[in-house]
$ cat final-v9.txt   # compact mmCIF, C-alpha atoms
# COMPACT_ATOMS: atom_id res chain seq x y z
CA MET X 1 54.67 1.70 13.45
CA PRO X 2 54.37 4.11 10.51
CA GLU X 3 51.06 4.66 8.75
CA SER X 4 52.68 4.37 5.36
CA GLY X 5 56.19 3.77 4.15
CA GLU X 6 58.67 1.93 6.32
CA VAL X 7 61.05 2.65 9.17
CA ARG X 8 64.37 0.89 9.04
CA TRP X 9 66.76 0.13 11.87
CA GLN X 10 70.26 -0.86 10.78
CA GLY X 11 69.01 -1.59 7.30
CA ALA X 12 66.09 -3.83 8.21
CA ASN X 13 62.41 -2.94 8.42
CA ILE X 14 61.34 -2.62 12.06
CA ARG X 15 58.24 -4.73 11.38
CA SER X 16 60.46 -7.74 10.84
CA LEU X 17 62.94 -6.93 13.62
CA GLY X 18 60.66 -7.13 16.64
CA GLU X 19 62.60 -7.72 19.81
CA GLU X 20 65.97 -6.70 18.42
CA TYR X 21 64.60 -3.27 17.59
CA SER X 22 62.47 -2.73 20.66
CA SER X 23 65.34 -3.57 23.00
CA SER X 24 67.50 -0.83 21.48
CA ILE X 25 64.92 1.95 21.63
CA ALA X 26 63.92 4.07 24.62
CA TYR X 27 60.89 6.29 24.20
CA LEU X 28 59.87 9.19 26.38
CA GLY X 29 56.72 11.02 25.37
CA HIS X 30 54.41 13.65 26.82
CA ARG X 31 53.45 11.34 29.63
CA ASN X 32 56.22 10.35 31.97
CA GLY X 33 55.18 6.76 32.44
CA ILE X 34 55.65 6.80 36.20
CA LYS X 35 53.20 5.77 38.90
CA GLU X 36 52.21 8.34 41.50
CA GLU X 37 52.04 5.72 44.26
CA LEU X 38 55.57 4.47 43.76
CA SER X 39 58.76 6.22 44.77
CA SER X 40 61.28 7.41 42.19
CA LEU X 41 63.50 4.48 43.02
CA GLU X 42 60.71 1.93 42.57
CA ASN X 43 59.52 3.62 39.40
CA LEU X 44 62.98 3.52 37.93
CA ARG X 45 63.75 -0.07 38.89
CA ILE X 46 60.40 -1.29 37.61
CA SER X 47 60.47 0.56 34.31
CA ALA X 48 64.04 -0.57 33.72
CA GLY X 49 63.15 -4.13 34.72
CA LEU X 50 60.28 -4.18 32.25
CA ALA X 51 62.59 -2.96 29.52
CA GLY X 52 64.91 -5.86 30.28
CA PHE X 53 67.49 -4.08 32.44
CA GLU X 54 67.88 -5.36 35.97
CA LEU X 55 69.03 -2.51 38.22
CA SER X 56 70.25 -2.97 41.76
CA ARG X 57 69.15 -0.39 44.33
CA GLU X 58 72.59 1.22 44.15
CA GLU X 59 72.58 1.49 40.37
CA ALA X 60 69.10 2.99 40.42
CA ALA X 61 70.01 5.46 43.19
CA ASN X 62 73.09 6.41 41.23
CA ALA X 63 71.07 7.14 38.09
CA LEU X 64 68.67 9.25 40.14
CA LYS X 65 71.59 11.18 41.56
CA GLN X 66 72.74 11.92 38.03
CA VAL X 67 69.43 13.58 37.20
CA GLY X 68 69.50 15.60 40.41
CA LEU X 69 67.05 13.63 42.53
CA ALA X 70 69.46 12.60 45.29
CA GLY X 71 67.67 12.51 48.64
CA ARG X 72 64.23 12.16 47.06
CA GLU X 73 64.53 8.54 45.92
CA ASN X 74 62.06 7.16 48.41
CA LEU X 75 59.42 9.85 48.17
CA PRO X 76 56.22 8.70 46.42
CA ALA X 77 56.06 10.37 43.02
CA ARG X 78 52.83 12.20 43.86
CA PHE X 79 54.83 14.45 46.20
CA LEU X 80 57.24 15.43 43.42
CA SER X 81 56.85 18.48 41.21
CA GLU X 82 56.22 18.10 37.47
CA GLY X 83 59.86 18.75 36.76
CA GLN X 84 61.00 16.17 39.28
CA LYS X 85 58.66 13.58 37.79
CA ARG X 86 60.18 14.35 34.43
CA ARG X 87 63.63 13.82 35.90
CA THR X 88 62.56 10.45 37.25
CA ALA X 89 61.50 9.48 33.74
CA LEU X 90 64.81 10.79 32.37
CA ALA X 91 66.75 8.65 34.84
CA ARG X 92 65.46 5.60 32.95
CA LEU X 93 67.26 6.78 29.83
CA VAL X 94 70.48 7.22 31.78
CA ALA X 95 70.20 3.88 33.54
CA CYS X 96 69.31 1.70 30.55
CA GLY X 97 72.03 1.53 27.94
CA THR X 98 69.71 1.74 24.94
CA ARG X 99 71.23 3.02 21.74
CA LEU X 100 68.32 4.99 20.29
CA TRP X 101 66.43 7.60 22.28
CA VAL X 102 63.16 8.91 20.93
CA LEU X 103 62.16 11.98 22.92
CA ASP X 104 58.90 13.78 22.32
CA GLU X 105 58.68 17.30 23.80
CA VAL X 106 61.20 16.34 26.42
CA LEU X 107 61.80 19.93 27.52
CA ALA X 108 58.20 20.64 28.48
CA SER X 109 57.71 21.63 32.16
CA LEU X 110 61.44 21.72 32.84
CA ASP X 111 63.24 24.66 34.43
CA ASP X 112 66.46 26.12 33.04
CA ALA X 113 68.72 23.91 35.11
CA ALA X 114 66.84 20.83 33.97
CA VAL X 115 67.00 21.92 30.34
CA GLN X 116 70.77 22.11 30.74
CA LEU X 117 70.72 18.66 32.29
CA VAL X 118 68.78 17.21 29.35
CA LYS X 119 71.18 18.85 26.93
CA SER X 120 74.21 17.43 28.67
CA MET X 121 72.48 14.03 28.86
CA ILE X 122 71.85 14.02 25.12
CA GLU X 123 75.38 15.23 24.41
CA GLY X 124 76.80 12.51 26.64
CA HIS X 125 74.63 9.94 24.91
CA LEU X 126 75.75 11.10 21.45
CA SER X 127 79.40 11.00 22.46
CA LYS X 128 78.91 7.32 23.34
CA GLU X 129 77.80 6.43 19.80
CA GLY X 130 74.17 6.85 20.79
CA ILE X 131 71.42 8.19 18.59
CA ALA X 132 68.74 10.59 19.77
CA ILE X 133 65.66 11.74 17.90
CA VAL X 134 64.22 14.75 19.67
CA ALA X 135 60.96 16.48 18.78
CA THR X 136 60.73 19.85 20.51
CA HIS X 137 59.25 23.33 20.34
CA GLN X 138 62.08 24.88 22.34
CA GLU X 139 65.56 25.73 21.17
CA LEU X 140 67.93 22.87 21.76
CA ASN X 141 71.45 23.86 20.74
CA LEU X 142 73.75 20.93 21.07
CA SER X 143 77.49 21.28 21.03
CA ALA X 144 77.90 17.72 19.80
CA GLY X 145 79.61 17.13 16.47
CA SER X 146 76.86 15.76 14.31
CA PHE X 147 73.28 16.71 14.55
CA GLN X 148 70.59 17.40 12.00
CA ARG X 149 67.73 19.76 12.44
CA LEU X 150 64.51 19.08 10.58
CA LYS X 151 62.05 21.91 10.76
CA LEU X 152 58.52 20.62 10.35
CA GLU X 153 55.95 23.21 9.41
CA THR X 154 52.24 22.62 9.57
CA GLY X 155 50.71 21.29 6.39
CA ILE X 156 53.96 21.20 4.44
CA PRO X 157 55.81 17.91 4.67
CA SER X 158 59.45 18.85 4.71
CA SER X 159 60.94 15.39 4.56
CA ALA X 160 62.57 14.00 1.43
CA GLY X 161 59.62 11.81 0.57
CA ALA X 162 57.15 14.67 0.17
CA PRO X 163 54.11 13.79 -1.93
CA GLU X 164 54.15 15.27 -5.40
CA HIS X 165 50.78 16.96 -5.27
CA SER X 166 51.88 19.31 -2.50
CA SER X 167 53.21 21.83 -5.02
CA MET I 1 59.60 -18.89 27.00
CA SER I 2 62.12 -19.87 29.67
CA ASP I 3 64.43 -17.05 28.66
CA PRO I 4 65.54 -15.39 31.93
CA SER I 5 64.70 -11.86 30.81
CA THR I 6 61.23 -13.01 29.83
CA LEU I 7 60.66 -14.54 33.24
CA SER I 8 62.10 -11.56 35.07
CA MET I 9 59.82 -9.24 33.13
CA PHE I 10 56.82 -11.34 34.14
CA ARG I 11 58.00 -11.14 37.74
CA TRP I 12 58.43 -7.36 37.50
CA ILE I 13 54.88 -6.90 36.22
CA VAL I 14 53.38 -9.02 38.97
CA THR I 15 55.46 -7.37 41.72
CA ARG I 16 54.64 -3.95 40.36
CA ASP I 17 50.89 -4.55 40.30
CA LEU I 18 50.94 -6.15 43.74
CA THR I 19 52.88 -3.18 45.17
CA LEU I 20 50.44 -0.76 43.57
CA ALA I 21 47.51 -2.73 44.94
CA TRP I 22 49.06 -2.63 48.41
CA ARG I 23 49.41 1.15 48.18
CA ARG I 24 45.74 1.36 47.17
CA ARG I 25 44.34 -1.10 49.67
CA ALA I 26 40.95 0.60 49.80
CA ASP I 27 40.21 -0.29 46.17
CA VAL I 28 40.99 -3.92 46.79
CA LEU I 29 39.01 -4.12 49.99
CA SER I 30 35.97 -2.53 48.38
CA THR I 31 35.66 -5.46 45.95
CA LEU I 32 35.83 -7.97 48.76
CA ILE I 33 33.37 -6.09 50.95
CA PHE I 34 30.99 -5.71 48.01
CA PHE I 35 31.04 -9.49 47.55
CA VAL I 36 30.45 -10.18 51.23
CA ILE I 37 27.60 -7.69 51.49
CA VAL I 38 25.79 -8.77 48.34
CA VAL I 39 25.90 -12.43 49.37
CA SER I 40 24.79 -11.60 52.91
CA LEU I 41 21.78 -9.59 51.76
CA PHE I 42 19.99 -12.70 50.48
CA PRO I 43 19.72 -14.66 53.74
CA LEU I 44 18.70 -11.43 55.48
CA GLY I 45 16.03 -10.69 52.91
CA ILE I 46 14.65 -14.20 52.56
CA GLY I 47 14.64 -15.22 56.18
CA PRO I 48 15.59 -18.47 57.87
CA GLU I 49 14.09 -20.96 55.41
CA THR I 50 16.99 -23.39 55.18
CA GLN I 51 15.62 -25.39 52.26
CA LEU I 52 15.16 -22.31 50.09
CA LEU I 53 18.49 -20.80 51.14
CA ARG I 54 20.34 -23.98 50.28
CA SER I 55 18.83 -24.16 46.83
CA ILE I 56 19.62 -20.55 45.92
CA ALA I 57 23.11 -20.49 47.49
CA PRO I 58 25.15 -21.62 44.44
CA GLY I 59 23.56 -19.09 42.12
CA VAL I 60 23.76 -16.23 44.61
CA VAL I 61 27.41 -16.75 45.49
CA TRP I 62 28.43 -17.17 41.87
CA VAL I 63 26.48 -14.16 40.61
CA ALA I 64 27.99 -12.04 43.39
CA ALA I 65 31.44 -13.25 42.39
CA LEU I 66 30.80 -12.26 38.76
CA LEU I 67 29.63 -8.78 39.78
CA ALA I 68 32.53 -8.29 42.17
CA SER I 69 34.99 -9.24 39.48
CA MET I 70 33.38 -6.70 37.13
CA LEU I 71 34.15 -4.01 39.71
CA SER I 72 37.83 -4.76 39.78
CA LEU I 73 38.29 -5.39 36.08
CA ASN I 74 37.89 -1.74 35.21
CA ARG I 75 41.15 -1.06 36.90
CA VAL I 76 43.34 -3.67 35.19
CA PHE I 77 44.49 -1.41 32.39
CA ALA I 78 42.61 1.83 32.99
CA ASN I 79 44.90 2.87 35.85
CA ASP I 80 48.01 2.52 33.72
CA TYR I 81 46.59 4.24 30.67
CA PRO I 82 46.50 7.95 31.65
CA ASP I 83 50.02 8.14 33.09
CA GLY I 84 51.70 6.48 30.10
CA THR I 85 52.98 3.41 31.93
CA LEU I 86 50.90 1.11 29.73
CA GLU I 87 52.42 2.72 26.66
CA GLN I 88 55.88 1.98 28.04
CA MET I 89 54.92 -1.65 28.66
CA LEU I 90 53.85 -2.02 25.05
CA LEU I 91 57.27 -0.83 23.94
CA THR I 92 59.15 -3.45 25.92
CA PRO I 93 61.09 -6.08 24.02
CA GLN I 94 59.16 -8.99 25.55
CA PRO I 95 55.96 -10.28 23.97
CA LEU I 96 52.80 -8.40 24.92
CA TYR I 97 51.17 -11.75 25.77
CA LEU I 98 53.44 -11.83 28.81
CA VAL I 99 52.57 -8.32 29.97
CA VAL I 100 48.91 -9.26 29.79
CA MET I 101 49.46 -12.55 31.64
CA GLY I 102 51.38 -10.74 34.37
CA LYS I 103 48.65 -8.19 34.84
CA VAL I 104 45.91 -10.82 34.84
CA VAL I 105 47.76 -12.94 37.40
CA ALA I 106 48.23 -9.91 39.66
CA GLN I 107 44.57 -8.94 39.26
CA TRP I 108 43.48 -12.44 40.18
CA LEU I 109 45.73 -12.56 43.24
CA VAL I 110 44.56 -9.18 44.45
CA SER I 111 40.86 -9.16 43.62
CA GLU I 112 39.68 -12.72 43.10
CA LEU I 113 41.70 -14.87 45.45
CA PRO I 114 40.29 -13.13 48.58
CA LEU I 115 36.75 -13.90 47.32
CA VAL I 116 37.65 -17.55 46.82
CA LEU I 117 39.09 -17.78 50.32
CA ILE I 118 36.17 -16.11 52.04
CA ALA I 119 33.43 -17.90 50.07
CA PRO I 120 33.29 -21.04 52.30
CA LEU I 121 32.79 -18.82 55.32
CA ILE I 122 29.97 -16.94 53.62
CA GLY I 123 28.42 -20.20 52.48
CA VAL I 124 27.71 -21.05 56.10
CA GLN I 125 24.97 -18.40 56.07
CA PHE I 126 23.14 -20.56 53.54
CA ASP I 127 23.35 -23.65 55.74
CA LEU I 128 25.55 -25.50 53.24
CA PRO I 129 27.11 -28.75 54.46
CA PRO I 130 30.93 -28.89 54.70
CA GLU I 131 31.47 -30.99 51.57
CA THR I 132 29.40 -28.52 49.55
CA LEU I 133 31.44 -25.64 50.96
CA PHE I 134 34.52 -27.43 49.72
CA VAL I 135 33.01 -27.83 46.22
CA LEU I 136 32.09 -24.14 46.27
CA PHE I 137 35.68 -23.29 47.11
CA ILE I 138 37.09 -25.52 44.35
CA SER I 139 34.63 -24.29 41.72
CA LEU I 140 35.53 -20.67 42.52
CA LEU I 141 39.22 -21.53 42.52
CA ILE I 142 38.95 -22.88 38.97
CA GLY I 143 36.31 -20.41 37.81
CA THR I 144 37.64 -17.02 38.93
CA PRO I 145 40.82 -17.16 36.81
CA ILE I 146 38.49 -17.57 33.81
CA LEU I 147 36.66 -14.42 34.91
CA SER I 148 39.96 -12.52 35.09
CA LEU I 149 41.14 -13.80 31.72
CA ILE I 150 37.91 -13.10 29.83
CA GLY I 151 37.45 -9.83 31.68
CA SER I 152 40.87 -8.59 30.63
CA VAL I 153 39.70 -8.69 27.00
CA GLY I 154 36.80 -6.40 27.84
CA ALA I 155 39.02 -4.13 29.92
CA ALA I 156 41.42 -3.76 27.00
CA LEU I 157 38.64 -3.13 24.47
CA THR I 158 36.99 -0.40 26.54
CA LEU I 159 40.25 1.29 27.45
CA GLY I 160 40.06 5.06 27.22
CA LEU I 161 36.35 5.13 26.39
CA ARG I 162 33.92 7.26 28.33
CA GLY I 163 31.43 5.14 30.23
CA GLY I 164 33.74 2.18 29.84
CA GLY I 165 32.50 0.73 33.12
CA VAL I 166 29.01 0.02 31.83
CA LEU I 167 30.24 -1.06 28.42
CA ILE I 168 32.63 -3.59 29.92
CA ALA I 169 29.71 -5.18 31.80
CA LEU I 170 27.65 -5.42 28.62
CA LEU I 171 30.53 -6.96 26.71
CA ILE I 172 31.76 -9.38 29.31
CA LEU I 173 28.77 -10.58 31.34
CA PRO I 174 27.31 -12.63 28.43
CA LEU I 175 30.69 -14.35 28.09
CA TYR I 176 30.61 -15.20 31.79
CA ILE I 177 27.41 -17.24 31.38
CA PRO I 178 29.10 -20.63 30.79
CA VAL I 179 31.32 -20.10 33.84
CA LEU I 180 28.25 -19.24 35.90
CA ILE I 181 26.35 -22.31 34.68
CA PHE I 182 29.12 -24.80 35.34
CA GLY I 183 30.33 -23.15 38.53
CA ALA I 184 26.90 -22.97 40.11
CA GLY I 185 26.11 -26.36 38.59
CA ALA I 186 28.98 -28.00 40.45
CA VAL I 187 27.77 -26.64 43.78
CA ASP I 188 24.17 -27.58 42.96
CA ALA I 189 25.22 -31.12 42.15
CA SER I 190 26.94 -31.46 45.47
CA ILE I 191 23.86 -30.17 47.32
CA ILE I 192 21.56 -32.78 45.74
CA GLY I 193 24.18 -35.45 46.37
CA VAL I 194 25.50 -36.00 42.84
CA SER I 195 29.19 -35.90 42.00
CA PRO I 196 30.22 -32.38 40.90
CA GLN I 197 33.11 -33.75 38.84
CA ALA I 198 31.57 -33.27 35.40
CA ASN I 199 30.93 -29.59 36.03
CA LEU I 200 34.38 -29.04 37.49
CA TYR I 201 36.03 -30.73 34.50
CA LEU I 202 34.08 -28.48 32.16
CA LEU I 203 35.21 -25.46 34.18
CA GLY I 204 38.78 -26.73 33.85
CA ALA I 205 38.35 -27.02 30.09
CA LEU I 206 37.05 -23.44 29.95
CA LEU I 207 40.06 -22.32 31.96
CA ALA I 208 42.45 -24.04 29.55
CA VAL I 209 40.78 -22.47 26.52
CA SER I 210 40.66 -18.97 27.98
CA PHE I 211 44.24 -19.32 29.20
CA VAL I 212 45.35 -19.78 25.61
CA PHE I 213 43.09 -17.35 23.78
CA ALA I 214 42.20 -14.54 26.19
CA PRO I 215 45.71 -13.03 26.62
CA TRP I 216 46.15 -13.15 22.89
CA ALA I 217 42.84 -11.34 22.29
CA THR I 218 43.69 -8.85 25.05
CA SER I 219 47.04 -8.07 23.42
CA ALA I 220 45.32 -7.39 20.11
CA ALA I 221 42.71 -5.20 21.82
CA LEU I 222 45.41 -3.25 23.67
CA ARG I 223 47.23 -2.56 20.42
CA ILE I 224 44.02 -1.22 18.90
CA SER I 225 43.17 0.90 21.94
CA LEU I 226 46.60 2.50 22.14
CA GLU I 227 47.01 3.15 18.44
$ encode --input "final-v9.txt" --output "structure tokens"
Amino acid sequence: MPESGEVRWQGANIRSLGEEYSSSIAYLGHRNGIKEELSSLENLRISAGLAGFELSREEAANALKQVGLAGRENLPARFLSEGQKRRTALARLVACGTRLWVLDEVLASLDDAAVQLVKSMIEGHLSKEGIAIVATHQELNLSAGSFQRLKLETGIPSSAGAPEHSS
Amino acid sequence: MSDPSTLSMFRWIVTRDLTLAWRRRADVLSTLIFFVIVVSLFPLGIGPETQLLRSIAPGVVWVAALLASMLSLNRVFANDYPDGTLEQMLLTPQPLYLVVMGKVVAQWLVSELPLVLIAPLIGVQFDLPPETLFVLFISLLIGTPILSLIGSVGAALTLGLRGGGVLIALLILPLYIPVLIFGAGAVDASIIGVSPQANLYLLGALLAVSFVFAPWATSAALRISLE
């Protein structure tokens, strides 16, 4: 929820949308949102189930394969490296068909191959009429047709609704 | 409320918390062992004076149950806070009320139900007659869900604070007083040969009230803590 102003989803304020909005957004922030005690497969099925997407074991394993975790599905997440934990979290985005992805520093702690994977994931998502909002400190050059880059600099609001006294 | 996705989400939360509890069995067992040891210390310390033991039994068992539930309450939300899973739960399309209910139900099953089941066995140390043991069991069965429900409010309020463990006790223990009075009162009544019904009904009323209001208050507290 914004501190001031309003955020609109398909023309309506998100405060009044509730469920309709929250079922079309997938958020991935600094913290992966996975439990160390559970395996990747369990983590994925549970987080998808909570978001309202029932995944069978096969569907979940398939999504994990797509993010390069084949063969590690049943390993408890505490045995995975940071990058692999990140991939587990990314598998949720692949598995749930949400329209809007909000990714905060998604490239942190990922190696080059994984960065490529994230890029191709976002490109694939965009090609399927998806929307992705990505906040990042790294370069993320997408080959997709339409993307906007907003450069936010400290102290200077660069959005259209900048307060007048900033000059 | 009977929407299938709503129910399945509730089921996912409960299964998830039960699986996690199973993977961390030591945490769960420590609550139970704490309860057993605290209750057992009294007969050992006081000696074999059956009359005295009988009269203190309701209070001792109930106070031990309150303290044991304090131990496990810290973990309800605090374990899910640092790794971001709680944040993800707040973003789910289903009402937060349901997330809270699911977590409270799982906490009760894991941490409180074993206490309820073992209490009649422990009561034998206090030379309680069988019908009193049964009343003790029933009073704990009705009373401990209230502890979980009220406790979840404190757990949500102290989320992410340093020294939250002590703070939660200060916040919640005063609210436990009515449960303690009626719970121990029911057992007392049965010892002196009066019907414990009145006390049990009052416990039931407390359960109904906290069932309605506590998850709602917990949801509000969670929103504040995670903002």
$ residues_around --input "final-v9.txt" --residues "stretch 87-93 of chain X" --least-positions-apart "3" --cutoff "6 Å" --atoms "only C-alpha atoms" --output "list in words"
Asn32, Ser40, Leu44, Ala63, Leu64, Val67, Gln84 and Cys96 of chain X
$ closest_atom_pairs --input "final-v9.txt" --of "chain I" --to "chain X" --cutoff "7 Å" --atoms "only C-alpha atoms" --output "tab-separated table"
residue	atom	partner	partner_atom	distance
I:Ser5	CA	X:Gly52	CA	6.0
I:Met9	CA	X:Leu50	CA	5.2
I:Trp12	CA	X:Gly49	CA	6.4
I:Arg16	CA	X:Ile46	CA	6.9
I:Leu20	CA	X:Glu37	CA	6.7
I:Arg23	CA	X:Glu37	CA	6.6
I:Asp83	CA	X:Gly33	CA	5.4
I:Gly84	CA	X:Gly33	CA	4.2
I:Thr85	CA	X:Gly33	CA	4.0
I:Gln88	CA	X:Gly33	CA	6.5
I:Met89	CA	X:Leu50	CA	6.9
I:Leu91	CA	X:Ser22	CA	6.4
I:Thr92	CA	X:Ala51	CA	5.0
I:Pro93	CA	X:Glu19	CA	4.8
I:Gln94	CA	X:Glu19	CA	6.8
$ residues_around --input "final-v9.txt" --residues "X:Thr136" --least-positions-apart "4" --cutoff "10 Å" --atoms "only C-alpha atoms" --output "PDB file with C-alpha atoms, keeping the file's coordinate frame"
ATOM      1  CA  LEU X 103      62.160  11.980  22.920  1.00  0.00           C
ATOM      2  CA  ASP X 104      58.900  13.780  22.320  1.00  0.00           C
ATOM      3  CA  GLU X 105      58.680  17.300  23.800  1.00  0.00           C
ATOM      4  CA  VAL X 106      61.200  16.340  26.420  1.00  0.00           C
ATOM      5  CA  LEU X 107      61.800  19.930  27.520  1.00  0.00           C
ATOM      6  CA  ALA X 108      58.200  20.640  28.480  1.00  0.00           C
ATOM      7  CA  LEU X 140      67.930  22.870  21.760  1.00  0.00           C
TER       8      LEU X 140
END
$ residues_around --input "final-v9.txt" --residues "I:Leu161" --least-positions-apart "2" --cutoff "12 Å" --atoms "only C-alpha atoms" --output "list in words"
Asn74, Ala78, Tyr81, Pro82, Gly154, Ala155, Ala156, Leu157, Thr158, Leu159, Gly163, Gly164, Gly165, Val166, Leu167, Ile168, Ser225 and Leu226 of chain I
$ atom_distance --input "final-v9.txt" --atom1 "atom CA of I:Ser195" --atom2 "atom CA of I:Glu49"
25.1 Å
$ residues_near_point --input "final-v9.txt" --point "(32.2, -20.3, 33.6)" --cutoff "7 Å" --atoms "only C-alpha atoms" --output "list in words"
Gly143, Ile146, Tyr176, Ile177, Pro178, Val179, Leu180, Ile181, Phe182, Gly183, Leu203 and Leu206 of chain I
$ closest_residue --input "final-v9.txt" --among "I:Ile138, I:Leu98, I:Leu109, I:Ile33" --to "I:Thr19" --atoms "all atoms listed in the file"
I:Leu109
$ atom_distance --input "final-v9.txt" --atom1 "atom CA of I:Leu128" --atom2 "atom CA of I:Ile192"
11.2 Å
$ atom_distance --input "final-v9.txt" --atom1 "atom CA of I:Thr218" --atom2 "atom CA of I:Lys103"
11.0 Å
$ residues_near_point --input "final-v9.txt" --point "(39.7, -13.3, 48.9)" --cutoff "10 Å" --atoms "only C-alpha atoms" --output "PDB file with C-alpha atoms, in the frame of the given file"
ATOM      1  CA  VAL I  28      40.990  -3.920  46.790  1.00  0.00           C
ATOM      2  CA  LEU I  29      39.010  -4.120  49.990  1.00  0.00           C
ATOM      3  CA  THR I  31      35.660  -5.460  45.950  1.00  0.00           C
ATOM      4  CA  LEU I  32      35.830  -7.970  48.760  1.00  0.00           C
ATOM      5  CA  ILE I  33      33.370  -6.090  50.950  1.00  0.00           C
ATOM      6  CA  PHE I  35      31.040  -9.490  47.550  1.00  0.00           C
ATOM      7  CA  TRP I 108      43.480 -12.440  40.180  1.00  0.00           C
ATOM      8  CA  LEU I 109      45.730 -12.560  43.240  1.00  0.00           C
ATOM      9  CA  VAL I 110      44.560  -9.180  44.450  1.00  0.00           C
ATOM     10  CA  SER I 111      40.860  -9.160  43.620  1.00  0.00           C
ATOM     11  CA  GLU I 112      39.680 -12.720  43.100  1.00  0.00           C
ATOM     12  CA  LEU I 113      41.700 -14.870  45.450  1.00  0.00           C
ATOM     13  CA  PRO I 114      40.290 -13.130  48.580  1.00  0.00           C
ATOM     14  CA  LEU I 115      36.750 -13.900  47.320  1.00  0.00           C
ATOM     15  CA  VAL I 116      37.650 -17.550  46.820  1.00  0.00           C
ATOM     16  CA  LEU I 117      39.090 -17.780  50.320  1.00  0.00           C
ATOM     17  CA  ILE I 118      36.170 -16.110  52.040  1.00  0.00           C
ATOM     18  CA  ALA I 119      33.430 -17.900  50.070  1.00  0.00           C
TER      19      ALA I 119
END
$ residues_around --input "final-v9.txt" --residues "I:Val194" --least-positions-apart "4" --cutoff "12 Å" --atoms "only C-alpha atoms" --output "NGL selection string"
:I and (131-132 or 135 or 185-190 or 198-199)
